[in-house]
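**Q** Structure file input-v3.cif (mmCIF, N, CA, C and O atoms) is given on the next line.
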data_model
#
loop_
_atom_site.label_atom_id
_atom_site.label_comp_id
_atom_site.auth_asym_id
_atom_site.auth_seq_id
_atom_site.Cartn_x
_atom_site.Cartn_y
_atom_site.Cartn_z
N MET A 19 0.79 -1.19 0.00
CA MET A 19 0.00 0.00 0.00
C MET A 19 0.84 1.26 0.00
O MET A 19 0.51 2.21 -0.67
N HIS A 20 1.89 1.27 0.80
CA HIS A 20 2.75 2.45 0.87
C HIS A 20 3.88 2.32 -0.14
O HIS A 20 4.44 1.25 -0.32
N SER A 21 4.20 3.42 -0.77
CA SER A 21 5.31 3.37 -1.71
C SER A 21 6.62 3.40 -0.93
O SER A 21 6.68 3.85 0.21
N SER A 22 7.68 2.96 -1.54
CA SER A 22 8.96 2.89 -0.86
C SER A 22 9.62 4.25 -0.73
O SER A 22 10.47 4.45 0.12
N THR A 23 9.26 5.21 -1.58
CA THR A 23 9.88 6.54 -1.49
C THR A 23 9.02 7.43 -0.60
O THR A 23 7.81 7.50 -0.76
N PRO A 24 9.64 8.08 0.38
CA PRO A 24 8.86 8.95 1.26
C PRO A 24 8.40 10.20 0.51
O PRO A 24 9.11 10.74 -0.34
N ARG A 25 7.19 10.61 0.81
CA ARG A 25 6.66 11.84 0.19
C ARG A 25 7.11 13.03 1.01
O ARG A 25 7.11 12.99 2.23
N ARG A 26 7.46 14.08 0.32
CA ARG A 26 7.91 15.28 1.00
C ARG A 26 6.81 16.33 0.93
O ARG A 26 6.20 16.53 -0.10
N CYS A 27 6.60 16.97 2.03
CA CYS A 27 5.60 18.05 2.07
C CYS A 27 6.22 19.28 1.41
O CYS A 27 7.30 19.72 1.80
N GLU A 28 5.56 19.81 0.42
CA GLU A 28 6.12 20.95 -0.31
C GLU A 28 6.18 22.21 0.55
O GLU A 28 7.01 23.08 0.33
N VAL A 29 5.30 22.31 1.52
CA VAL A 29 5.29 23.50 2.37
C VAL A 29 6.54 23.56 3.24
O VAL A 29 7.10 24.61 3.48
N ALA A 30 6.99 22.41 3.72
CA ALA A 30 8.13 22.37 4.62
C ALA A 30 9.45 22.59 3.89
O ALA A 30 10.45 22.93 4.50
N VAL A 31 9.49 22.40 2.60
CA VAL A 31 10.73 22.55 1.84
C VAL A 31 10.81 23.99 1.35
O VAL A 31 10.08 24.40 0.45
N LEU A 32 11.68 24.76 1.96
CA LEU A 32 11.85 26.16 1.58
C LEU A 32 13.17 26.33 0.85
O LEU A 32 14.19 25.76 1.24
N ASP A 33 13.14 27.11 -0.19
CA ASP A 33 14.38 27.40 -0.91
C ASP A 33 15.24 28.32 -0.06
O ASP A 33 14.75 29.20 0.62
N ARG A 34 16.52 28.08 -0.12
CA ARG A 34 17.43 28.95 0.61
C ARG A 34 17.50 30.30 -0.07
O ARG A 34 17.64 30.39 -1.28
N THR A 35 17.40 31.37 0.72
CA THR A 35 17.52 32.70 0.15
C THR A 35 18.97 33.16 0.25
O THR A 35 19.71 32.73 1.14
N SER A 36 19.36 34.01 -0.64
CA SER A 36 20.73 34.49 -0.62
C SER A 36 20.92 35.44 0.55
O SER A 36 19.96 36.04 1.04
N PRO A 37 22.16 35.61 1.00
CA PRO A 37 22.41 36.55 2.10
C PRO A 37 21.97 37.98 1.75
O PRO A 37 21.47 38.69 2.62
N THR A 38 22.11 38.35 0.50
CA THR A 38 21.69 39.70 0.10
C THR A 38 20.20 39.89 0.30
O THR A 38 19.75 40.92 0.81
N GLN A 39 19.41 38.87 -0.05
CA GLN A 39 17.96 38.97 0.14
C GLN A 39 17.61 39.03 1.62
O GLN A 39 16.73 39.79 2.02
N ARG A 40 18.31 38.25 2.44
CA ARG A 40 18.04 38.28 3.88
C ARG A 40 18.38 39.63 4.48
O ARG A 40 17.62 40.16 5.29
N TYR A 41 19.53 40.19 4.10
CA TYR A 41 19.92 41.50 4.62
C TYR A 41 18.95 42.58 4.15
O TYR A 41 18.59 43.47 4.91
N THR A 42 18.53 42.49 2.90
CA THR A 42 17.58 43.47 2.38
C THR A 42 16.27 43.42 3.14
O THR A 42 15.71 44.44 3.51
N ARG A 43 15.79 42.21 3.40
CA ARG A 43 14.54 42.07 4.16
C ARG A 43 14.71 42.57 5.58
O ARG A 43 13.81 43.21 6.14
N GLY A 44 15.86 42.30 6.18
CA GLY A 44 16.12 42.76 7.54
C GLY A 44 16.16 44.28 7.63
O GLY A 44 15.60 44.88 8.54
N ILE A 45 16.83 44.91 6.66
CA ILE A 45 16.91 46.36 6.65
C ILE A 45 15.54 46.97 6.40
O ILE A 45 15.15 47.95 7.04
N ALA A 46 14.78 46.38 5.49
CA ALA A 46 13.42 46.88 5.22
C ALA A 46 12.56 46.76 6.47
O ALA A 46 11.80 47.68 6.80
N ALA A 47 12.67 45.65 7.18
CA ALA A 47 11.88 45.47 8.41
C ALA A 47 12.30 46.49 9.46
O ALA A 47 11.45 47.04 10.18
N ALA A 48 13.59 46.78 9.55
CA ALA A 48 14.07 47.76 10.52
C ALA A 48 13.55 49.16 10.19
O ALA A 48 13.14 49.91 11.08
N VAL A 49 13.57 49.52 8.91
CA VAL A 49 13.08 50.84 8.50
C VAL A 49 11.59 50.95 8.81
O VAL A 49 11.12 51.99 9.32
N ILE A 50 10.84 49.91 8.53
CA ILE A 50 9.40 49.94 8.82
C ILE A 50 9.16 50.04 10.33
O ILE A 50 8.28 50.78 10.78
N ALA A 51 9.96 49.34 11.12
CA ALA A 51 9.80 49.39 12.57
C ALA A 51 10.09 50.79 13.11
O ALA A 51 9.34 51.31 13.94
N VAL A 52 11.15 51.42 12.62
CA VAL A 52 11.48 52.77 13.08
C VAL A 52 10.39 53.76 12.66
O VAL A 52 9.97 54.60 13.45
N ALA A 53 9.91 53.64 11.43
CA ALA A 53 8.86 54.54 10.97
C ALA A 53 7.59 54.36 11.80
O ALA A 53 6.93 55.33 12.17
N THR A 54 7.28 53.12 12.14
CA THR A 54 6.09 52.85 12.96
C THR A 54 6.25 53.46 14.35
O THR A 54 5.32 54.06 14.89
N LEU A 55 7.44 53.32 14.94
CA LEU A 55 7.67 53.90 16.27
C LEU A 55 7.59 55.42 16.24
O LEU A 55 7.05 56.04 17.15
N LEU A 56 8.13 56.04 15.20
CA LEU A 56 8.06 57.50 15.08
C LEU A 56 6.62 57.97 14.93
O LEU A 56 6.21 58.95 15.55
N LEU A 57 5.86 57.26 14.12
CA LEU A 57 4.45 57.64 13.96
C LEU A 57 3.68 57.45 15.26
O LEU A 57 2.84 58.28 15.62
N ALA A 58 3.97 56.39 15.98
CA ALA A 58 3.27 56.14 17.25
C ALA A 58 3.65 57.20 18.28
O ALA A 58 2.80 57.63 19.07
N ALA A 59 4.90 57.63 18.28
CA ALA A 59 5.33 58.65 19.24
C ALA A 59 4.66 59.99 18.95
O ALA A 59 4.36 60.75 19.87
N ASN A 60 4.44 60.29 17.69
CA ASN A 60 3.83 61.56 17.32
C ASN A 60 2.31 61.52 17.40
O ASN A 60 1.66 62.56 17.24
N ALA A 61 1.73 60.37 17.65
CA ALA A 61 0.28 60.25 17.68
C ALA A 61 -0.25 60.34 19.10
O ALA A 61 -1.31 59.83 19.40
N GLY A 62 0.50 60.99 19.99
CA GLY A 62 0.08 61.13 21.38
C GLY A 62 -1.13 62.04 21.50
O GLY A 62 -1.64 62.59 20.52
N PRO A 63 -1.59 62.25 22.72
CA PRO A 63 -2.76 63.10 22.93
C PRO A 63 -2.45 64.54 22.55
O PRO A 63 -1.32 65.01 22.67
N ALA A 64 -3.47 65.24 22.10
CA ALA A 64 -3.30 66.63 21.71
C ALA A 64 -3.07 67.48 22.95
O ALA A 64 -3.53 67.16 24.05
N ARG A 65 -2.37 68.58 22.78
CA ARG A 65 -2.14 69.50 23.90
C ARG A 65 -3.43 70.21 24.25
O ARG A 65 -4.26 70.47 23.40
N ALA A 66 -3.53 70.56 25.50
CA ALA A 66 -4.71 71.30 25.94
C ALA A 66 -4.67 72.70 25.34
O ALA A 66 -3.60 73.31 25.19
N ALA A 67 -5.83 73.22 25.01
CA ALA A 67 -5.90 74.57 24.44
C ALA A 67 -5.52 75.58 25.51
O ALA A 67 -5.75 75.39 26.71
N GLU A 68 -4.93 76.67 25.08
CA GLU A 68 -4.57 77.75 26.00
C GLU A 68 -5.86 78.33 26.58
O GLU A 68 -6.84 78.51 25.87
N PRO A 69 -5.87 78.65 27.86
CA PRO A 69 -7.08 79.25 28.43
C PRO A 69 -7.35 80.62 27.82
O PRO A 69 -6.43 81.32 27.42
N GLU A 70 -8.60 80.98 27.80
CA GLU A 70 -8.97 82.28 27.24
C GLU A 70 -8.43 83.39 28.12
O GLU A 70 -8.21 83.20 29.32
N PRO A 71 -8.21 84.60 27.58
CA PRO A 71 -7.66 85.70 28.38
C PRO A 71 -8.47 86.00 29.63
O PRO A 71 -7.92 86.30 30.69
N ALA A 72 -9.80 85.91 29.59
CA ALA A 72 -10.63 86.18 30.77
C ALA A 72 -10.32 85.17 31.87
O ALA A 72 -10.26 85.52 33.05
N GLN A 73 -10.11 83.93 31.52
CA GLN A 73 -9.79 82.91 32.51
C GLN A 73 -8.40 83.15 33.08
O GLN A 73 -8.16 82.92 34.25
N GLN A 74 -7.47 83.60 32.27
CA GLN A 74 -6.11 83.86 32.74
C GLN A 74 -6.12 84.98 33.78
O GLN A 74 -5.43 84.91 34.78
N GLN A 75 -6.92 86.01 33.57
CA GLN A 75 -6.98 87.12 34.51
C GLN A 75 -7.55 86.65 35.85
O GLN A 75 -7.07 87.05 36.90
N GLN A 76 -8.54 85.78 35.82
CA GLN A 76 -9.12 85.28 37.06
C GLN A 76 -8.10 84.46 37.83
O GLN A 76 -7.98 84.58 39.05
N VAL A 77 -7.33 83.67 37.12
CA VAL A 77 -6.32 82.85 37.78
C VAL A 77 -5.25 83.73 38.41
O VAL A 77 -4.83 83.52 39.53
N GLN A 78 -4.85 84.80 37.71
CA GLN A 78 -3.82 85.69 38.24
C GLN A 78 -4.33 86.45 39.46
O GLN A 78 -3.60 86.70 40.40
N GLN A 79 -5.60 86.83 39.47
CA GLN A 79 -6.15 87.59 40.60
C GLN A 79 -6.27 86.70 41.84
O GLN A 79 -6.09 87.18 42.95
N GLU A 80 -6.56 85.43 41.67
CA GLU A 80 -6.70 84.53 42.78
C GLU A 80 -5.38 84.22 43.45
O GLU A 80 -5.31 83.94 44.63
N SER A 81 -4.29 84.25 42.72
CA SER A 81 -3.01 83.88 43.31
C SER A 81 -2.27 85.02 43.93
O SER A 81 -2.59 86.00 44.29
#
Let me see the structure of the file written as structure tokens.

**A**
Amino acid sequence: MHSSTPRRCEVAVLDRTSPTQRYTRGIAAAVIAVATLLLAANAGPARAAEPEPAQQQQVQQES
């Protein structure tokens, strides 16, 4: 019933990539990671609006 030659799963057999391709992918991943971190750092909460001049005068008079 079983053949004498073992069957190989095509998914498990990966072609070896050249070092240049691996380095290129690594550099691309690093650039994307840095860009993502920069965008996340700049996406923080917005600053509070400056109080109106009338409110500033009240605060100064109280102190």

**Q** Adding 6 Å on each side of the box along x, y and z that holds all listed atoms of region 56-69 of chain A, could you give its centre and edge lengths in Å to one decimal, as lines of an AutoDock Vina configuration file?

**A**
center_x = 0.4
center_y = 68.7
center_z = 21.2
size_x = 27.5
size_y = 37.3
size_z = 26.5

**Q** Between atom O of Ile45 (chain A) and atom O of Leu32 (chain A), what distance in Å does the model show, to one decimal?

**A**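 Computing it gives 23.0 Å between the two atoms.
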
**Q** Calculate how many Å separate atom N of Ala48 (chain A) from atom O of Ser36 (chain A), rounding to one decimal.

**A**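 It comes out at 15.1 Å.
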
**Q** Distance atom O of Ala46 (chain A)-CA of Ala59 (chain A), one decimal place?

**A**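 Answer for the atom O of Ala46 (chain A) to CA of Ala59 (chain A) separation: 17.8 Å.
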